[in-house]
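K.L.:
Pasting in a structure now, in structure tokens, and then I'll have a few things to ask.
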Amino acid sequence: MTRRLLEGSEAIADAMIAAGCRFFAGYPMTPFTEVLEHMARKLPAVGGVCMNAESELEAIGMAWGAAATGTPAATGSTGQGLSLMQESLAEIALARLPLVVLNMARAQGDYFQATRGAGHGDTRTPVFAPADVPEAVELVQRAFDVSARWRHPVLVIGDYYLAHTAQAVNVRALDVGRRPPTPWALDGSSGGTGGAKLVSFLGSAKQRDDVGYDLADHYAACATASAEMMSGIAPLAESAFTDDADVVVVAFGTPARYVGAAVRALRAEGARVGYVRPITLYPFPSDAVRTAAQGTRVVAVYENNAGQMVDDVRLAVMERAEVRFIGGLSLDSSGFGIAPDLDVAVMRRRITQILEETTAPEGRRGAATVATGGGR
Amino acid sequence: MSRMLRVEGRSVVPTAQPPEEAARLVEDFTPELIDVGAHHLCPGCGEPVAMRTALQVVEELELVKRTIAVFGIGCYTAFSNNLDVEVLQALHGRAPSLATGVKRARPDTVVFTVQGDGDMVNEGLQEVVHTAARGENVTCIMLNNGVFGETGGHMTATTVLGQRTKTSLEGRDAAAHGRPILLASLLAQLDGAAYVARGAVNSAGNVARTKRMLRRAFETQVAGAGFSFVEILTMCPTGWFVETREAPQYLAENLGVVHTGGVLKDALGESPTS
Amino acid sequence: MTTSRVSARGTVVVDVDACKGCELCVEACPPDVLVMTTHAVNERGYHYPLLLAGCTGCGACAQICPDFVFQVYKFEEPVLFEVAPP
């Protein structure tokens, strides 16, 4: 097992192949393009197929067709491309098909898109948000497993930094046990038997009558399956220094690494600050956030957007602590998601300001005076 | 001596039971691969006729155990429910990309799409053109009645000039609505397209000709020669505001003179007849 | 009384209740031996086809029918039908 210096895009491609992906389709768009390039080069070598589709709509369409044959399939894009794929994503969920979808996002403005179902209707899509290349290698493989187990699309959301940063990583195949069988998969062979299979978002079995599909029944069954899936996936989060924290910072993805560094530096200086890093954005790790919020004064949310995950943090925290937004849009002129504010010093300043406000004598909203060095 | 019956003042042959005299079955109610013939499509609709013909070809070529049908969205979607052929349901216009994924992942299968003109030429023009250009070894079938039937009969990209629809009530006008796209003609120009033909189901003779076209299209796919396409003009008396009995002639006089019948391209041998 | 006889090379079975009265079969029949009922209707309320003498078993009706109403048979030997008296 060797560690190689790989940019995130390549490591993700290797992880997909290690997970058994044998069909990939995509359309070039920054910062997703390199994933497509790597798959175009690597997938044929293992007997797979990589298609450069004529648009994102056809990319997800081709992946849908391959998935229907039981072939582990994936597609991806950036936020705008994911927007084009929304109808298909929702209907693939209703067709009960496994599919891994990558969003190599520009900044963090796609949180709503990812976590509010990633499609129309009552779709609820599991979302993994790796913070670095080794974690992406693990989570991409986990996504294939979750997707196959629950017969549902799974989203992995990265960003420009993840795609283009090289880290030493060992792409080891994750042991997820035996993949579930795919009796529903199409290969033509059930034709002419009286029981030819159907893969459809309109129903799970042919009705063989003159009445047709019952969408009410089908949607109800899908909603039940979706609820089972959500309770069957353990929400993941990484938390540190939260037991005695006055301020807990919540962040996901690449910025969370910077937040972690800022928090550790402030801790070393005696500040009572901690962090929670959601790793699954859906199901959202509400329990971890709620627990961290117990006994804390402020939960500060850092994200590179105008405020999206902060809504879910508020829902998790409720009245236990005050929730403040310390993130914001941070883009360079390209719009590709290169964030000038992605800087430990910037974060330290914002966190310190919150700390000072929570420990100031007048306090905010009735916060009591607390001696900085004392215990609780 | 076989007896006839007196019904409504006429002498008629009993038709409630199969004949007692020695006879062989020439046509069954439905082909084997249509499980259930009953459907709620309009009286006089040409789509079931086209479906019957296509499935007879799949049967006769003995392809059923390797065939996957990818359905678009339209009135014909009702058949996705009643065939003894594996079916993958696609979104409106998107069957060709799904068919591409199926065929690329499972090259041993025989893949065909069933799509209407609204599905294929409006929503899905990009998909079918690129699928043809890439020369994907799939067969795309377009049921062309010049309207979006399922939503109630609205103008599509194949609606002919002068044709009245709910969104062209005075008749399609070139200045206001532009001109129809003749898809088979467009696809025949692409190098990746190996077989392109246009048939119709408004007469038994045309049904027989269309059946030969479908056969040739599937043979093209099985030979791995490239993309095959059969456009089939179908009657839609409801969408055309005509009596069911008049629809075959309406098709011939209006759609058939624009979307003209014949074989436009046949890479495996026969020269074009149109 | 003389009874007339007509020869037929084929015949059909009609699934009366499947018919939706579109009359495409009437147009399509080459020997013109299909006529719609004038009074009787099936359980859906549609007129349906009756078979007159002279069917050739060509199958055109079955091929053109959108509702799968017909089964078509070809006799091994042409069959003589005795026309029913009025």
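Chain lettering (A, B, ...) mirrors the order of the structure tokens, residue numbering begins at 1 for each chain separately, and ligand numbering begins at 1 in order of display.
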For the alpha helix (DSSP H) assignment from backbone DSSP, which residues of segment 60-284 of chain A qualify? Please present them as an MDAnalysis selection string.

P.N.:
chainID A and resid 60:68 79:94 111:115 133:150 160:164 215:232 253:268

K.L.:
Using backbone DSSP assignments, extract all strand (DSSP E or B) residues from chain C; output them as a list in words.

P.N.:
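Filtering chain C down to strand (DSSP E or B) leaves Arg5, Val6, Ser7, Ala8, Arg9, Gly10, Thr11, Val12, Val13, Val14, Leu34, Val35, Met36, Pro49, Leu50, Leu51, Phe70, Gln71, Val72, Tyr73, Lys74, Phe75, Glu76, Glu77, Pro78, Val79, Leu80, Phe81 and Glu82 of chain C.
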
K.L.:
Could you pull the residues within 10 Å of Glu37 of chain A, counting only C-alpha atoms, minus those fewer than 5 positions along the same chain, as a PyMOL selection string?

P.N.:
chain A and resi 9-10+13+26-28+32+42+50+52

K.L.:
Show me, as a Markdown table, the residues of chain B having an atom within 6 Å of chain A, each with the closest atom pair and its distance in Å, using only C-alpha atoms.

P.N.:
| residue | atom | partner | partner_atom | distance |
| --- | --- | --- | --- | --- |
| B:Val36 | CA | A:Arg208 | CA | 6.0 |
| B:Ala38 | CA | A:Asp210 | CA | 5.1 |
| B:His39 | CA | A:Asp210 | CA | 4.6 |
| B:Val64 | CA | A:Gly191 | CA | 5.4 |
| B:Lys65 | CA | A:Ser189 | CA | 4.4 |
| B:Arg66 | CA | A:Gly188 | CA | 4.0 |
| B:Thr67 | CA | A:Gly188 | CA | 4.6 |
| B:Ile68 | CA | A:Gly188 | CA | 5.4 |
| B:Asn81 | CA | A:Lys206 | CA | 4.7 |
| B:Asn82 | CA | A:Arg208 | CA | 4.8 |
| B:Asp84 | CA | A:Ala196 | CA | 5.0 |
| B:Val85 | CA | A:Gly191 | CA | 4.4 |
| B:Glu86 | CA | A:Lys197 | CA | 4.9 |
| B:Val87 | CA | A:Leu198 | CA | 4.9 |
| B:Leu88 | CA | A:Val199 | CA | 4.9 |
| B:Gln89 | CA | A:Ser200 | CA | 4.8 |
| B:Ser97 | CA | A:Met62 | CA | 4.9 |
| B:Leu98 | CA | A:Gly65 | CA | 4.1 |
| B:Thr100 | CA | A:Met62 | CA | 5.9 |
| B:Gly101 | CA | A:Met62 | CA | 4.0 |
| B:Val102 | CA | A:Gly65 | CA | 4.6 |
| B:Ala105 | CA | A:Ala66 | CA | 5.4 |

K.L.:
Would you put the residues from that selection into a file with C-alpha atoms, as a PDB file, in the first residue's frame?

P.N.:
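Dumped to again.pdb:
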ATOM      1  CA  VAL B  36     -52.496  -6.953 -21.845  1.00  0.00           C
ATOM      2  CA  ALA B  38     -56.553  -3.186 -23.110  1.00  0.00           C
ATOM      3  CA  HIS B  39     -55.614   0.467 -22.757  1.00  0.00           C
ATOM      4  CA  VAL B  64     -36.799 -10.716 -26.461  1.00  0.00           C
ATOM      5  CA  LYS B  65     -34.348 -12.230 -23.979  1.00  0.00           C
ATOM      6  CA  ARG B  66     -31.803  -9.500 -24.624  1.00  0.00           C
ATOM      7  CA  THR B  67     -34.067  -6.539 -25.213  1.00  0.00           C
ATOM      8  CA  ILE B  68     -34.557  -3.466 -23.064  1.00  0.00           C
ATOM      9  CA  ASN B  81     -46.899  -1.270 -18.163  1.00  0.00           C
ATOM     10  CA  ASN B  82     -48.144  -4.060 -20.377  1.00  0.00           C
ATOM     11  CA  ASP B  84     -43.365  -8.691 -21.567  1.00  0.00           C
ATOM     12  CA  VAL B  85     -40.109  -6.925 -22.438  1.00  0.00           C
ATOM     13  CA  GLU B  86     -37.801  -5.299 -19.877  1.00  0.00           C
ATOM     14  CA  VAL B  87     -38.630  -1.619 -19.641  1.00  0.00           C
ATOM     15  CA  LEU B  88     -36.688   1.388 -18.378  1.00  0.00           C
ATOM     16  CA  GLN B  89     -38.753   4.538 -17.986  1.00  0.00           C
ATOM     17  CA  SER B  97     -29.286   9.239 -23.100  1.00  0.00           C
ATOM     18  CA  LEU B  98     -30.622   6.442 -20.916  1.00  0.00           C
ATOM     19  CA  THR B 100     -26.853   5.111 -24.402  1.00  0.00           C
ATOM     20  CA  GLY B 101     -26.013   4.308 -20.789  1.00  0.00           C
ATOM     21  CA  VAL B 102     -27.743   0.926 -20.967  1.00  0.00           C
ATOM     22  CA  ALA B 105     -22.841  -0.684 -19.896  1.00  0.00           C
TER      23      ALA B 105
END

K.L.:
Provide as an MDAnalysis selection string the residues of chain B at most 6 Å from chain C, counting only C-alpha atoms.

P.N.:
chainID B and resid 1:6 11:13 15:18 22:30 43:44 48:49 204 244:245
